[in-house]
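Enquirer: To be precise about what I am sending: the file is called data20.tsv and holds TSV, C-alpha atoms and all ligand atoms.
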```
chain	number	residue	atom	x	y	z
Y	989	MET	CA	-39.30	-8.29	-14.99
Y	990	ALA	CA	-35.86	-6.70	-15.46
Y	991	ALA	CA	-32.91	-8.74	-14.21
Y	992	LYS	CA	-30.73	-7.92	-11.26
Y	993	ILE	CA	-27.42	-6.67	-12.71
Y	994	ILE	CA	-24.59	-8.51	-10.98
Y	995	ASN	CA	-21.85	-6.11	-9.89
Y	996	GLY	CA	-18.56	-7.93	-10.58
Y	997	ASN	CA	-16.52	-4.98	-9.31
Y	998	GLU	CA	-18.23	-5.15	-5.93
Y	999	ILE	CA	-17.74	-8.93	-5.58
Y	1000	ALA	CA	-14.11	-8.63	-6.69
Y	1001	GLN	CA	-13.54	-5.87	-4.14
Y	1002	GLN	CA	-15.04	-8.02	-1.38
Y	1003	ILE	CA	-12.70	-10.92	-2.21
Y	1004	ARG	CA	-9.65	-8.61	-2.51
Y	1005	GLU	CA	-10.35	-7.25	0.96
Y	1006	GLU	CA	-10.52	-10.82	2.32
Y	1007	VAL	CA	-7.18	-11.59	0.66
Y	1008	ARG	CA	-5.62	-8.36	1.99
Y	1009	GLN	CA	-6.67	-9.23	5.55
Y	1010	GLU	CA	-5.30	-12.77	5.23
Y	1011	VAL	CA	-1.98	-11.46	3.88
Y	1012	ILE	CA	-1.65	-9.26	6.99
Y	1013	TYR	CA	-2.52	-12.22	9.21
Y	1014	ILE	CA	-0.06	-14.73	7.71
Y	1015	LYS	CA	2.69	-12.14	7.66
Y	1016	GLU	CA	2.20	-11.46	11.37
Y	1017	LYS	CA	1.72	-15.08	12.41
Y	1018	TYR	CA	4.09	-16.96	10.06
Y	1019	ASN	CA	6.32	-14.21	8.68
Y	1020	VAL	CA	5.58	-15.11	5.05
Y	1021	VAL	CA	4.48	-12.82	2.22
Y	1022	PRO	CA	2.88	-14.13	-0.99
Y	1023	GLY	CA	5.17	-13.49	-3.96
Y	1024	LEU	CA	4.02	-13.17	-7.58
Y	1025	VAL	CA	6.14	-12.75	-10.70
Y	1026	THR	CA	4.54	-11.70	-13.96
Y	1027	ILE	CA	6.67	-12.33	-17.02
Y	1028	LEU	CA	6.00	-10.19	-20.06
Y	1029	VAL	CA	7.66	-10.95	-23.38
Y	1030	GLY	CA	7.60	-8.12	-25.92
Y	1031	GLN	CA	5.50	-4.96	-25.99
Y	1032	ASN	CA	1.97	-6.05	-26.92
Y	1033	PRO	CA	-0.18	-3.13	-25.60
Y	1034	ALA	CA	-3.02	-5.38	-24.37
Y	1035	SER	CA	-0.52	-7.64	-22.56
Y	1036	ILE	CA	1.20	-4.62	-20.98
Y	1037	SER	CA	-2.16	-3.40	-19.71
Y	1038	TYR	CA	-3.10	-6.85	-18.27
Y	1039	VAL	CA	0.28	-7.26	-16.57
Y	1040	THR	CA	0.16	-3.72	-15.16
Y	1041	GLY	CA	-3.27	-4.46	-13.66
Y	1042	LYS	CA	-2.01	-7.69	-12.08
Y	1043	GLN	CA	1.05	-6.02	-10.59
Y	1044	LYS	CA	-0.96	-3.07	-9.27
Y	1045	THR	CA	-3.46	-5.37	-7.54
Y	1046	ALA	CA	-0.69	-7.57	-6.11
Y	1047	LYS	CA	0.96	-4.50	-4.56
Y	1048	GLU	CA	-2.35	-3.18	-3.20
Y	1049	LEU	CA	-2.93	-6.49	-1.44
Y	1050	GLY	CA	0.51	-6.46	0.20
Y	1051	PHE	CA	2.18	-9.11	-2.00
Y	1052	TYR	CA	5.85	-9.20	-2.92
Y	1053	SER	CA	5.58	-8.63	-6.66
Y	1054	VAL	CA	8.07	-8.74	-9.48
Y	1055	GLN	CA	7.48	-7.53	-13.02
Y	1056	ASP	CA	9.96	-9.26	-15.35
Y	1057	ASN	CA	10.03	-7.72	-18.85
Y	1058	GLN	CA	11.80	-9.66	-21.56
Y	1059	PRO	CA	12.50	-8.62	-25.16
Y	1060	GLU	CA	10.49	-10.05	-28.06
Y	1061	THR	CA	13.74	-11.72	-29.21
Y	1062	ILE	CA	14.19	-13.93	-26.13
Y	1063	THR	CA	14.67	-17.57	-27.14
Y	1064	GLU	CA	12.59	-20.45	-25.82
Y	1065	GLU	CA	15.67	-21.80	-24.06
Y	1066	GLU	CA	16.32	-18.48	-22.31
Y	1067	LEU	CA	12.70	-18.24	-21.23
Y	1068	LEU	CA	12.82	-21.80	-19.88
Y	1069	LYS	CA	15.91	-20.85	-17.85
Y	1070	LEU	CA	14.04	-17.85	-16.44
Y	1071	ILE	CA	11.10	-20.07	-15.43
Y	1072	ASP	CA	13.55	-22.44	-13.76
Y	1073	LYS	CA	15.03	-19.52	-11.81
Y	1074	TYR	CA	11.61	-18.53	-10.46
Y	1075	ASN	CA	10.67	-22.17	-9.82
Y	1076	LYS	CA	13.62	-22.23	-7.40
Y	1077	ASP	CA	13.07	-18.76	-5.89
Y	1078	PRO	CA	11.63	-19.19	-2.36
Y	1079	GLN	CA	10.19	-15.66	-2.34
Y	1080	ILE	CA	8.09	-16.39	-5.44
Y	1081	HIS	CA	4.94	-18.51	-4.95
Y	1082	GLY	CA	3.15	-17.71	-8.19
Y	1083	ILE	CA	4.54	-17.51	-11.73
Y	1084	LEU	CA	2.43	-15.96	-14.45
Y	1085	VAL	CA	3.62	-15.87	-18.05
Y	1086	GLN	CA	1.47	-13.37	-19.95
Y	1087	LEU	CA	0.07	-14.89	-23.15
Y	1088	PRO	CA	0.30	-14.75	-26.08
Y	1089	LEU	CA	4.02	-15.39	-26.55
Y	1090	PRO	CA	5.89	-14.61	-29.80
Y	1091	LYS	CA	5.44	-17.22	-32.52
Y	1092	HIS	CA	8.99	-18.64	-32.22
Y	1093	ILE	CA	8.22	-19.83	-28.68
Y	1094	ASN	CA	6.07	-22.89	-28.01
Y	1095	GLU	CA	3.58	-21.73	-25.37
Y	1096	ASN	CA	2.91	-25.19	-24.02
Y	1097	ASN	CA	6.63	-25.87	-23.49
Y	1098	ILE	CA	6.75	-22.74	-21.33
Y	1099	LEU	CA	3.53	-23.34	-19.41
Y	1100	TYR	CA	4.46	-26.98	-18.72
Y	1101	ALA	CA	7.86	-25.89	-17.33
Y	1102	ILE	CA	6.23	-23.93	-14.49
Y	1103	ASP	CA	6.30	-25.82	-11.20
Y	1104	PRO	CA	2.64	-26.96	-10.81
Y	1105	ARG	CA	2.74	-25.68	-7.21
Y	1106	LYS	CA	3.48	-22.19	-8.59
Y	1107	ASP	CA	1.05	-22.43	-11.52
Y	1108	VAL	CA	-1.37	-19.74	-10.35
Y	1109	ASP	CA	-3.06	-19.60	-13.76
Y	1110	GLY	CA	-4.07	-23.24	-13.32
Y	1111	PHE	CA	-3.06	-24.17	-16.90
Y	1112	HIS	CA	-0.46	-26.88	-16.13
Y	1113	PRO	CA	-1.71	-30.37	-17.03
Y	1114	VAL	CA	-1.20	-31.46	-13.41
Y	1115	ASN	CA	-3.63	-28.77	-12.25
Y	1116	VAL	CA	-6.04	-29.46	-15.11
Y	1117	GLY	CA	-6.01	-33.14	-14.07
Y	1118	LYS	CA	-6.49	-32.32	-10.39
Y	1119	LEU	CA	-9.51	-30.20	-11.25
Y	1120	MET	CA	-10.92	-33.05	-13.33
Y	1121	ILE	CA	-10.73	-35.49	-10.40
Y	1122	GLY	CA	-12.19	-32.96	-7.98
Y	1123	GLU	CA	-9.03	-32.23	-5.99
Y	1124	PRO	CA	-7.87	-28.90	-7.39
Y	1125	ASP	CA	-5.02	-26.83	-5.98
Y	1126	PHE	CA	-5.54	-23.94	-8.39
Y	1127	LEU	CA	-8.67	-23.27	-10.43
Y	1128	PRO	CA	-8.09	-21.28	-13.65
Y	1129	CYS	CA	-8.83	-17.65	-12.78
Y	1130	THR	CA	-11.77	-16.73	-15.02
Y	1131	PRO	CA	-13.81	-19.90	-14.31
Y	1132	ALA	CA	-13.00	-19.59	-10.59
Y	1133	GLY	CA	-14.29	-16.02	-10.77
Y	1134	ILE	CA	-17.52	-17.18	-12.42
Y	1135	GLN	CA	-18.10	-19.73	-9.64
Y	1136	GLN	CA	-17.53	-17.03	-7.02
Y	1137	ILE	CA	-20.02	-14.74	-8.77
Y	1138	LEU	CA	-22.64	-17.50	-8.62
Y	1139	ILE	CA	-21.92	-18.35	-4.98
Y	1140	ARG	CA	-21.79	-14.76	-3.77
Y	1141	SER	CA	-24.93	-13.79	-5.70
Y	1142	GLY	CA	-26.82	-16.61	-3.97
Y	1143	VAL	CA	-27.39	-18.61	-7.17
Y	1144	GLU	CA	-28.23	-22.27	-6.44
Y	1145	THR	CA	-26.08	-24.51	-8.63
Y	1146	ASP	CA	-27.00	-27.79	-6.95
Y	1147	GLY	CA	-29.16	-29.67	-9.47
Y	1148	ALA	CA	-29.31	-26.66	-11.81
Y	1149	GLU	CA	-29.25	-27.05	-15.58
Y	1150	VAL	CA	-26.12	-25.22	-16.68
Y	1151	VAL	CA	-25.37	-24.58	-20.33
Y	1152	VAL	CA	-21.88	-23.37	-21.27
Y	1153	VAL	CA	-21.36	-21.88	-24.74
Y	1154	GLY	CA	-17.67	-22.32	-25.63
Y	1155	ARG	CA	-15.17	-25.12	-24.98
Y	1156	SER	CA	-11.83	-23.33	-24.69
Y	1157	ASN	CA	-9.22	-24.65	-22.27
Y	1158	ILE	CA	-9.24	-21.37	-20.33
Y	1159	VAL	CA	-12.99	-20.80	-19.89
Y	1160	GLY	CA	-15.50	-23.27	-21.35
Y	1161	LYS	CA	-14.00	-26.62	-20.35
Y	1162	PRO	CA	-12.78	-25.61	-16.89
Y	1163	ILE	CA	-16.04	-23.90	-15.83
Y	1164	ALA	CA	-17.93	-27.03	-16.92
Y	1165	ASN	CA	-15.48	-29.17	-14.91
Y	1166	ILE	CA	-15.85	-26.97	-11.85
Y	1167	LEU	CA	-19.65	-27.01	-11.91
Y	1168	ILE	CA	-20.04	-30.79	-12.38
Y	1169	GLN	CA	-18.05	-31.59	-9.22
Y	1170	LYS	CA	-19.99	-33.17	-6.36
Y	1171	GLN	CA	-19.27	-30.18	-4.16
Y	1172	LYS	CA	-20.86	-27.10	-2.64
Y	1173	GLY	CA	-21.16	-24.30	-5.19
Y	1174	ALA	CA	-21.30	-26.91	-7.98
Y	1175	ASN	CA	-23.19	-30.25	-8.44
Y	1176	ALA	CA	-24.94	-28.98	-11.56
Y	1177	THR	CA	-25.98	-30.80	-14.72
Y	1178	VAL	CA	-23.76	-29.27	-17.38
Y	1179	THR	CA	-24.04	-29.14	-21.16
Y	1180	ILE	CA	-21.19	-27.70	-23.27
Y	1181	CYS	CA	-22.02	-26.15	-26.65
Y	1182	HIS	CA	-19.63	-25.14	-29.45
Y	1183	THR	CA	-19.67	-24.48	-33.18
Y	1184	GLY	CA	-20.45	-28.14	-33.84
Y	1185	THR	CA	-23.61	-27.95	-31.72
Y	1186	LYS	CA	-26.80	-28.43	-33.71
Y	1187	ASN	CA	-29.55	-25.97	-32.80
Y	1188	LEU	CA	-27.75	-23.96	-30.10
Y	1189	ALA	CA	-30.99	-22.29	-28.94
Y	1190	SER	CA	-32.59	-25.64	-28.06
Y	1191	HIS	CA	-29.84	-26.03	-25.43
Y	1192	THR	CA	-29.54	-22.45	-24.21
Y	1193	LYS	CA	-33.32	-22.23	-23.71
Y	1194	ARG	CA	-33.14	-25.08	-21.19
Y	1195	ALA	CA	-30.53	-23.36	-19.02
Y	1196	ASP	CA	-31.22	-22.23	-15.47
Y	1197	ILE	CA	-27.68	-20.84	-15.63
Y	1198	LEU	CA	-26.32	-19.82	-19.03
Y	1199	ILE	CA	-22.57	-19.16	-19.26
Y	1200	VAL	CA	-21.42	-17.67	-22.54
Y	1201	ALA	CA	-17.76	-17.63	-23.61
Y	1202	ALA	CA	-17.93	-17.62	-27.40
Y	1203	GLY	CA	-16.08	-14.40	-28.23
Y	1204	LYS	CA	-18.92	-13.37	-30.59
Y	1205	PRO	CA	-20.87	-10.13	-29.97
Y	1206	LYS	CA	-24.59	-10.76	-29.43
Y	1207	ALA	CA	-24.26	-14.50	-30.08
Y	1208	ILE	CA	-27.03	-14.94	-27.49
Y	1209	THR	CA	-30.29	-13.13	-28.15
Y	1210	ALA	CA	-33.37	-12.90	-25.90
Y	1211	ASP	CA	-35.26	-15.65	-27.76
Y	1212	MET	CA	-32.43	-18.08	-26.82
Y	1213	VAL	CA	-32.84	-17.52	-23.07
Y	1214	LYS	CA	-35.32	-19.05	-20.61
Y	1215	GLU	CA	-37.46	-16.64	-18.56
Y	1216	GLY	CA	-35.76	-16.16	-15.18
Y	1217	ALA	CA	-32.38	-17.65	-16.17
Y	1218	VAL	CA	-29.11	-16.47	-14.64
Y	1219	VAL	CA	-26.87	-15.27	-17.48
Y	1220	ILE	CA	-23.10	-14.99	-17.11
Y	1221	ASP	CA	-21.48	-13.19	-20.04
Y	1222	VAL	CA	-17.75	-13.90	-20.25
Y	1223	GLY	CA	-17.21	-12.38	-23.68
Y	1224	VAL	CA	-15.08	-9.29	-24.16
Y	1225	ASN	CA	-15.41	-7.88	-27.68
Y	1226	ARG	CA	-13.95	-4.57	-28.83
Y	1227	ILE	CA	-16.56	-2.83	-30.95
Y	1228	GLY	CA	-15.01	0.59	-31.43
Y	1229	THR	CA	-13.71	3.50	-29.42
Y	1230	THR	CA	-15.46	5.73	-26.87
Y	1231	PRO	CA	-15.34	9.55	-27.36
Y	1232	ASP	CA	-12.50	9.69	-24.78
Y	1233	GLY	CA	-10.42	7.23	-26.79
Y	1234	LYS	CA	-10.98	4.07	-24.71
Y	1235	ALA	CA	-11.96	0.73	-26.22
Y	1236	LYS	CA	-15.71	0.26	-26.42
Y	1237	LEU	CA	-16.56	-3.24	-25.19
Y	1238	CYS	CA	-19.51	-5.56	-25.40
Y	1239	GLY	CA	-20.13	-9.12	-24.32
Y	1240	ASP	CA	-21.42	-12.18	-26.16
Y	1241	VAL	CA	-24.99	-11.59	-24.97
Y	1242	ASP	CA	-27.48	-9.05	-26.30
Y	1243	PHE	CA	-27.51	-7.39	-22.88
Y	1244	ASP	CA	-30.35	-4.87	-23.35
Y	1245	ALA	CA	-32.83	-7.47	-24.59
Y	1246	VAL	CA	-31.73	-10.39	-22.40
Y	1247	LYS	CA	-31.82	-8.37	-19.17
Y	1248	GLU	CA	-35.61	-8.05	-19.63
Y	1249	LYS	CA	-35.94	-11.83	-19.52
Y	1250	ALA	CA	-33.21	-13.09	-17.16
Y	1251	SER	CA	-33.40	-12.97	-13.35
Y	1252	MET	CA	-29.72	-12.00	-13.04
Y	1253	ILE	CA	-27.11	-11.01	-15.60
Y	1254	THR	CA	-23.48	-9.88	-15.63
Y	1255	PRO	CA	-22.70	-6.73	-17.62
Y	1256	VAL	CA	-19.66	-6.18	-19.87
Y	1257	PRO	CA	-17.60	-4.46	-18.66
Y	1258	GLY	CA	-17.97	-4.81	-14.88
Y	1259	GLY	CA	-19.11	-8.43	-14.63
Y	1260	VAL	CA	-16.71	-11.36	-14.99
Y	1261	GLY	CA	-13.75	-9.16	-16.02
Y	1262	PRO	CA	-12.77	-7.82	-12.57
Y	1263	MET	CA	-12.93	-11.35	-11.11
Y	1264	THR	CA	-10.06	-12.75	-13.20
Y	1265	ILE	CA	-7.24	-10.71	-11.62
Y	1266	THR	CA	-8.85	-11.17	-8.22
Y	1267	MET	CA	-8.76	-14.96	-8.48
Y	1268	LEU	CA	-5.10	-14.75	-9.54
Y	1269	MET	CA	-4.46	-13.11	-6.16
Y	1270	VAL	CA	-6.50	-15.82	-4.40
Y	1271	ASN	CA	-4.39	-18.48	-6.16
Y	1272	THR	CA	-1.11	-16.76	-5.26
Y	1273	LEU	CA	-2.14	-16.55	-1.61
Y	1274	LYS	CA	-3.06	-20.24	-1.76
Y	1275	ALA	CA	0.30	-21.12	-3.35
Y	1276	CYS	CA	2.08	-19.25	-0.58
Y	1277	LYS	CA	0.10	-21.08	2.12
Y	1278	LEU	CA	0.71	-24.47	0.44
Y	1279	HIS	CA	4.43	-23.69	0.29
Y	1280	ALA	CA	4.55	-22.62	3.95
Y	1281	GLY	CA	2.35	-25.51	5.14
Y	1282	ILE	CA	-0.35	-23.10	6.42
Y	1283	LYS	CA	-3.86	-24.62	6.56
Y	1301	LIG	P1	-11.98	-19.08	-27.72
Y	1301	LIG	O1	-10.77	-19.83	-27.35
Y	1301	LIG	O2	-12.05	-18.32	-28.99
Y	1301	LIG	O3	-13.21	-20.09	-27.68
Y	1301	LIG	C1	-14.49	-19.72	-28.08
Y	1301	LIG	C2	-15.40	-20.92	-27.98
Y	1301	LIG	O4	-16.72	-20.54	-28.33
Y	1301	LIG	C3	-15.00	-22.07	-28.91
Y	1301	LIG	O5	-15.11	-23.28	-28.21
Y	1301	LIG	C4	-16.02	-21.96	-30.04
Y	1301	LIG	O6	-16.36	-23.22	-30.58
Y	1301	LIG	C5	-17.22	-21.40	-29.32
Y	1301	LIG	N1	-18.09	-20.62	-30.19
Y	1301	LIG	C6	-17.75	-19.53	-30.93
Y	1301	LIG	N2	-18.83	-19.07	-31.60
Y	1301	LIG	C7	-19.85	-19.89	-31.29
Y	1301	LIG	C8	-21.22	-19.97	-31.68
Y	1301	LIG	N3	-21.75	-19.07	-32.53
Y	1301	LIG	N4	-21.97	-20.96	-31.19
Y	1301	LIG	C9	-21.47	-21.87	-30.32
Y	1301	LIG	N5	-20.17	-21.85	-29.91
Y	1301	LIG	C10	-19.39	-20.88	-30.39
Y	1301	LIG	O7	-12.36	-18.02	-26.59
Y	1301	LIG	P2	-12.07	-17.97	-25.00
Y	1301	LIG	O8	-10.63	-17.76	-24.79
Y	1301	LIG	O9	-12.79	-19.05	-24.30
Y	1301	LIG	O10	-12.81	-16.60	-24.68
Y	1301	LIG	C11	-14.19	-16.42	-24.96
Y	1301	LIG	C12	-14.56	-14.97	-24.71
Y	1301	LIG	O11	-14.34	-14.67	-23.34
Y	1301	LIG	C13	-13.71	-13.96	-25.50
Y	1301	LIG	O12	-14.51	-12.86	-25.82
Y	1301	LIG	C14	-12.64	-13.54	-24.51
Y	1301	LIG	O13	-12.15	-12.24	-24.75
Y	1301	LIG	C15	-13.43	-13.58	-23.22
Y	1301	LIG	N6	-12.62	-13.81	-22.02
Y	1301	LIG	C16	-12.82	-12.98	-20.99
Y	1301	LIG	C17	-12.10	-13.15	-19.83
Y	1301	LIG	C18	-12.36	-12.24	-18.67
Y	1301	LIG	O14	-11.52	-12.12	-17.80
Y	1301	LIG	N7	-13.51	-11.59	-18.63
Y	1301	LIG	C19	-11.15	-14.15	-19.73
Y	1301	LIG	C20	-10.97	-15.02	-20.81
Y	1301	LIG	C21	-11.73	-14.83	-21.95
Y	1301	LIG	P3	-15.28	-24.17	-31.36
Y	1301	LIG	O15	-14.46	-24.81	-30.25
Y	1301	LIG	O16	-16.13	-25.16	-32.06
Y	1301	LIG	O17	-14.47	-23.27	-32.24
```
So, in terms of structure tokens, how does the structure I just supplied come out?
Ligand code: NAP
Expert:
Amino acid sequence: MAAKIINGNEIAQQIREEVRQEVIYIKEKYNVVPGLVTILVGQNPASISYVTGKQKTAKELGFYSVQDNQPETITEEELLKLIDKYNKDPQIHGILVQLPLPKHINENNILYAIDPRKDVDGFHPVNVGKLMIGEPDFLPCTPAGIQQILIRSGVETDGAEVVVVGRSNIVGKPIANILIQKQKGANATVTICHTGTKNLASHTKRADILIVAAGKPKAITADMVKEGAVVIDVGVNRIGTTPDGKAKLCGDVDFDAVKEKASMITPVPGGVGPMTITMLMVNTLKACKLHAGIK
């Protein structure tokens, strides 16, 4: 039986509307507006496009939003000063530094300088630690989006066998950490696979929920998937250009073959992708409420 194709755009839209309504409510009741700054260093086209998308969404949802463009030549010290300025700015609740940064800047020094209460990417060690002990303030955006996809698609995670392919700090490890928590929308048995895993298929074939974040086109083929599994494809791989000049994308899963075997599957594009920016907005709203003491 062909799988249900999960519509990430629709779920993202649903959550954005919830955020938009809450922004109206807290503005009326408490006179506060969530504020997000996105800091872009240099002119990397992909980074410009990501930052533009974040700013556009923030504006659509009624946020106060600041786009801060800095030249490629900015020093680490100058960037740290800028972070400090936004750490102290009461109108700004979320600080996002678009990665990657130029080679002469140590990314961790920058990310660790962000006030953890304004770390809406969820990458600061304080927030990583809080997630680990089950008391998160901010979940990293892509993994948070994956959890929302599962919850809002009615996928039971409690007791499910989850296999995650990939152990990066931004996707693999945090989604595993989220789904092992003894909480609603989690409480799964999680296995993490990586390039050191022997016989990848022996693990993936056991998965009720298979989450793939390897960054390798078609790393997961139909013979590696259990009949009826839920398959979440995080991968975004550029495999050429469409006739109208846009990047042609594919995921890490052999979509056409796997959709005949899975019960649900996310497409690329239109699956996990739209959730990432959406969860950034959720985190910024949360940061604003934490700051203002709103429950
Ligand atoms: P990453 O840092 O490159 O990590 C990839 C992980 O996959 C590594 O842990 C690697 O193992 C593992 N891996 C690679 N090939 C494998 C294989 N054949 N078998 C088993 N494990 C394998 O990538 P990432 O940042 O997590 O991103 C993963 C993918 O998701 C990329 O395509 C990226 O573009 C996409 N992504 C999408 C979004 C979104 O919003 N949709 C957000 C973030 C990332 P080792 O650790 O052993 O090297």
Enquirer: Would you give me, as CSV, each residue of segment 1121-1153 of chain Y having an atom within 8 Å of an atom of segment 1186-1196 of chain Y, along with its shortest atom pair and that distance in Å to one decimal, using only C-alpha atoms and sorting by chain and residue number?
Expert:
```
residue,atom,partner,partner_atom,distance
Y:Ala1148,CA,Y:Asp1196,CA,6.1
Y:Glu1149,CA,Y:Ala1195,CA,5.2
Y:Val1150,CA,Y:Ala1195,CA,5.3
Y:Val1151,CA,Y:Ala1195,CA,5.5
```
Enquirer: Env of Asp1056 of chain Y: 8 Å cut, atoms = only C-alpha atoms, seq-sep filter 2 positions within chain, self excluded. Answer as a list in words.
Expert: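 These residues fall inside the cut-off: Val1025, Thr1026, Ile1027, Leu1028, Val1054 and Gln1058 of chain Y.
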Enquirer: Could you give me the axis-aligned bounding box of segment 1135-1142 of chain Y, with 6 Å of padding per side, as centre plus edge lengths in Å to one decimal, as lines of an AutoDock Vina configuration file?
Expert:
```
center_x = -22.2
center_y = -16.8
center_z = -6.7
size_x = 21.3
size_y = 17.9
size_z = 17.9
```
Enquirer: So which residues are near ligand LIG 1301 (chain Y), meaning at most 7 Å away with all atoms listed in the file counted, given back as a PDB file with C-alpha atoms, in the coordinates of the input?
Expert:
```
ATOM      1  CA  THR Y1130     -11.770 -16.730 -15.020  1.00  0.00           C
ATOM      2  CA  VAL Y1153     -21.360 -21.880 -24.740  1.00  0.00           C
ATOM      3  CA  GLY Y1154     -17.670 -22.320 -25.630  1.00  0.00           C
ATOM      4  CA  ARG Y1155     -15.170 -25.120 -24.980  1.00  0.00           C
ATOM      5  CA  SER Y1156     -11.830 -23.330 -24.690  1.00  0.00           C
ATOM      6  CA  ASN Y1157      -9.220 -24.650 -22.270  1.00  0.00           C
ATOM      7  CA  ILE Y1158      -9.240 -21.370 -20.330  1.00  0.00           C
ATOM      8  CA  VAL Y1159     -12.990 -20.800 -19.890  1.00  0.00           C
ATOM      9  CA  GLY Y1160     -15.500 -23.270 -21.350  1.00  0.00           C
ATOM     10  CA  CYS Y1181     -22.020 -26.150 -26.650  1.00  0.00           C
ATOM     11  CA  HIS Y1182     -19.630 -25.140 -29.450  1.00  0.00           C
ATOM     12  CA  THR Y1183     -19.670 -24.480 -33.180  1.00  0.00           C
ATOM     13  CA  GLY Y1184     -20.450 -28.140 -33.840  1.00  0.00           C
ATOM     14  CA  THR Y1185     -23.610 -27.950 -31.720  1.00  0.00           C
ATOM     15  CA  LEU Y1188     -27.750 -23.960 -30.100  1.00  0.00           C
ATOM     16  CA  ALA Y1201     -17.760 -17.630 -23.610  1.00  0.00           C
ATOM     17  CA  ALA Y1202     -17.930 -17.620 -27.400  1.00  0.00           C
ATOM     18  CA  GLY Y1203     -16.080 -14.400 -28.230  1.00  0.00           C
ATOM     19  CA  LYS Y1204     -18.920 -13.370 -30.590  1.00  0.00           C
ATOM     20  CA  ALA Y1207     -24.260 -14.500 -30.080  1.00  0.00           C
ATOM     21  CA  VAL Y1222     -17.750 -13.900 -20.250  1.00  0.00           C
ATOM     22  CA  GLY Y1223     -17.210 -12.380 -23.680  1.00  0.00           C
ATOM     23  CA  VAL Y1224     -15.080  -9.290 -24.160  1.00  0.00           C
ATOM     24  CA  ASN Y1225     -15.410  -7.880 -27.680  1.00  0.00           C
ATOM     25  CA  GLY Y1239     -20.130  -9.120 -24.320  1.00  0.00           C
ATOM     26  CA  ASP Y1240     -21.420 -12.180 -26.160  1.00  0.00           C
ATOM     27  CA  VAL Y1260     -16.710 -11.360 -14.990  1.00  0.00           C
ATOM     28  CA  GLY Y1261     -13.750  -9.160 -16.020  1.00  0.00           C
ATOM     29  CA  PRO Y1262     -12.770  -7.820 -12.570  1.00  0.00           C
ATOM     30  CA  MET Y1263     -12.930 -11.350 -11.110  1.00  0.00           C
ATOM     31  CA  THR Y1264     -10.060 -12.750 -13.200  1.00  0.00           C
TER      32      THR Y1264
END
```
Enquirer: Would you mind telling me which residue in Y:Glu1048, Y:Glu1064, Y:Glu1144, Y:Asp1242 lies nearest to Val1200 of chain Y when using only C-alpha atoms?
Expert: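 Between Y:Glu1048, Y:Glu1064, Y:Glu1144, Y:Asp1242, the residue approaching Val1200 of chain Y most closely is Y:Asp1242.
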Enquirer: Find the residue from Y:Arg1105, Y:Val1143, Y:Lys1206, Y:Lys1042 that sits nearest to Asp1125 of chain Y; use only C-alpha atoms when measuring.
Expert: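 Residue with the minimum atom-to-atom distance to Asp1125 of chain Y: Y:Arg1105.
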Enquirer: Just want the 12 Å neighbourhood of Gly1216 of chain Y, counted on only C-alpha atoms, with same-chain residues fewer than 6 positions away dropped. Output as an MDAnalysis selection string.
Expert: chainID Y and resid 989:992 1143 1193:1198 1210 1246:1253
Enquirer: Need the shell around Tyr1074 of chain Y: protein/DNA/RNA residues with any atom at most 12 Å away, counting all atoms listed in the file. Skip same-chain ones fewer than 6 positions apart. Format as a ChimeraX atom specification?
Expert: /Y:1023-1027,1054,1056,1067-1068,1080-1085,1101-1103,1105-1107
Enquirer: Could you tell me which of Y:Val1029, Y:Ala1034, Y:Val1020, Y:Ile993 comes closest to Asp1244 of chain Y if we count only C-alpha atoms?
Expert: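 Using only C-alpha atoms, the shortest distance to Asp1244 of chain Y belongs to Y:Ile993.
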Enquirer: Could you tell me how far atom CA of Lys1234 of chain Y sits from atom CA of Ile1036 of chain Y, in Å to one decimal place?
Expert: 15.4 Å
Enquirer: Using only C-alpha atoms, find the one residue out of Y:Val1152, Y:Ile1180, Y:Ala1245, Y:Cys1238 that sits nearest to Thr1209 of chain Y.
Expert: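 Among Y:Val1152, Y:Ile1180, Y:Ala1245, Y:Cys1238, it is Y:Ala1245 that comes nearest to Thr1209 of chain Y.
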Enquirer: Record the distance separating atom CA of Asn1019 of chain Y and atom CA of Gln1002 of chain Y, expressed in Å with one decimal.
Expert: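 Computing it gives 24.4 Å between the two atoms.
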Enquirer: Distance atom CA of Lys1277 of chain Y-atom CA of Leu1087 of chain Y, one decimal place?
Expert: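 Computing the Euclidean distance for atom CA of Lys1277 of chain Y and atom CA of Leu1087 of chain Y yields 26.0 Å.
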Enquirer: So which one's closest to Pro1255 of chain Y, Y:Ala1000, Y:Leu1119, Y:Ile1220, Y:Ala1046? Using only C-alpha atoms, please.
Expert: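 Comparing Y:Ala1000, Y:Leu1119, Y:Ile1220, Y:Ala1046 against Pro1255 of chain Y, the winner is Y:Ile1220.
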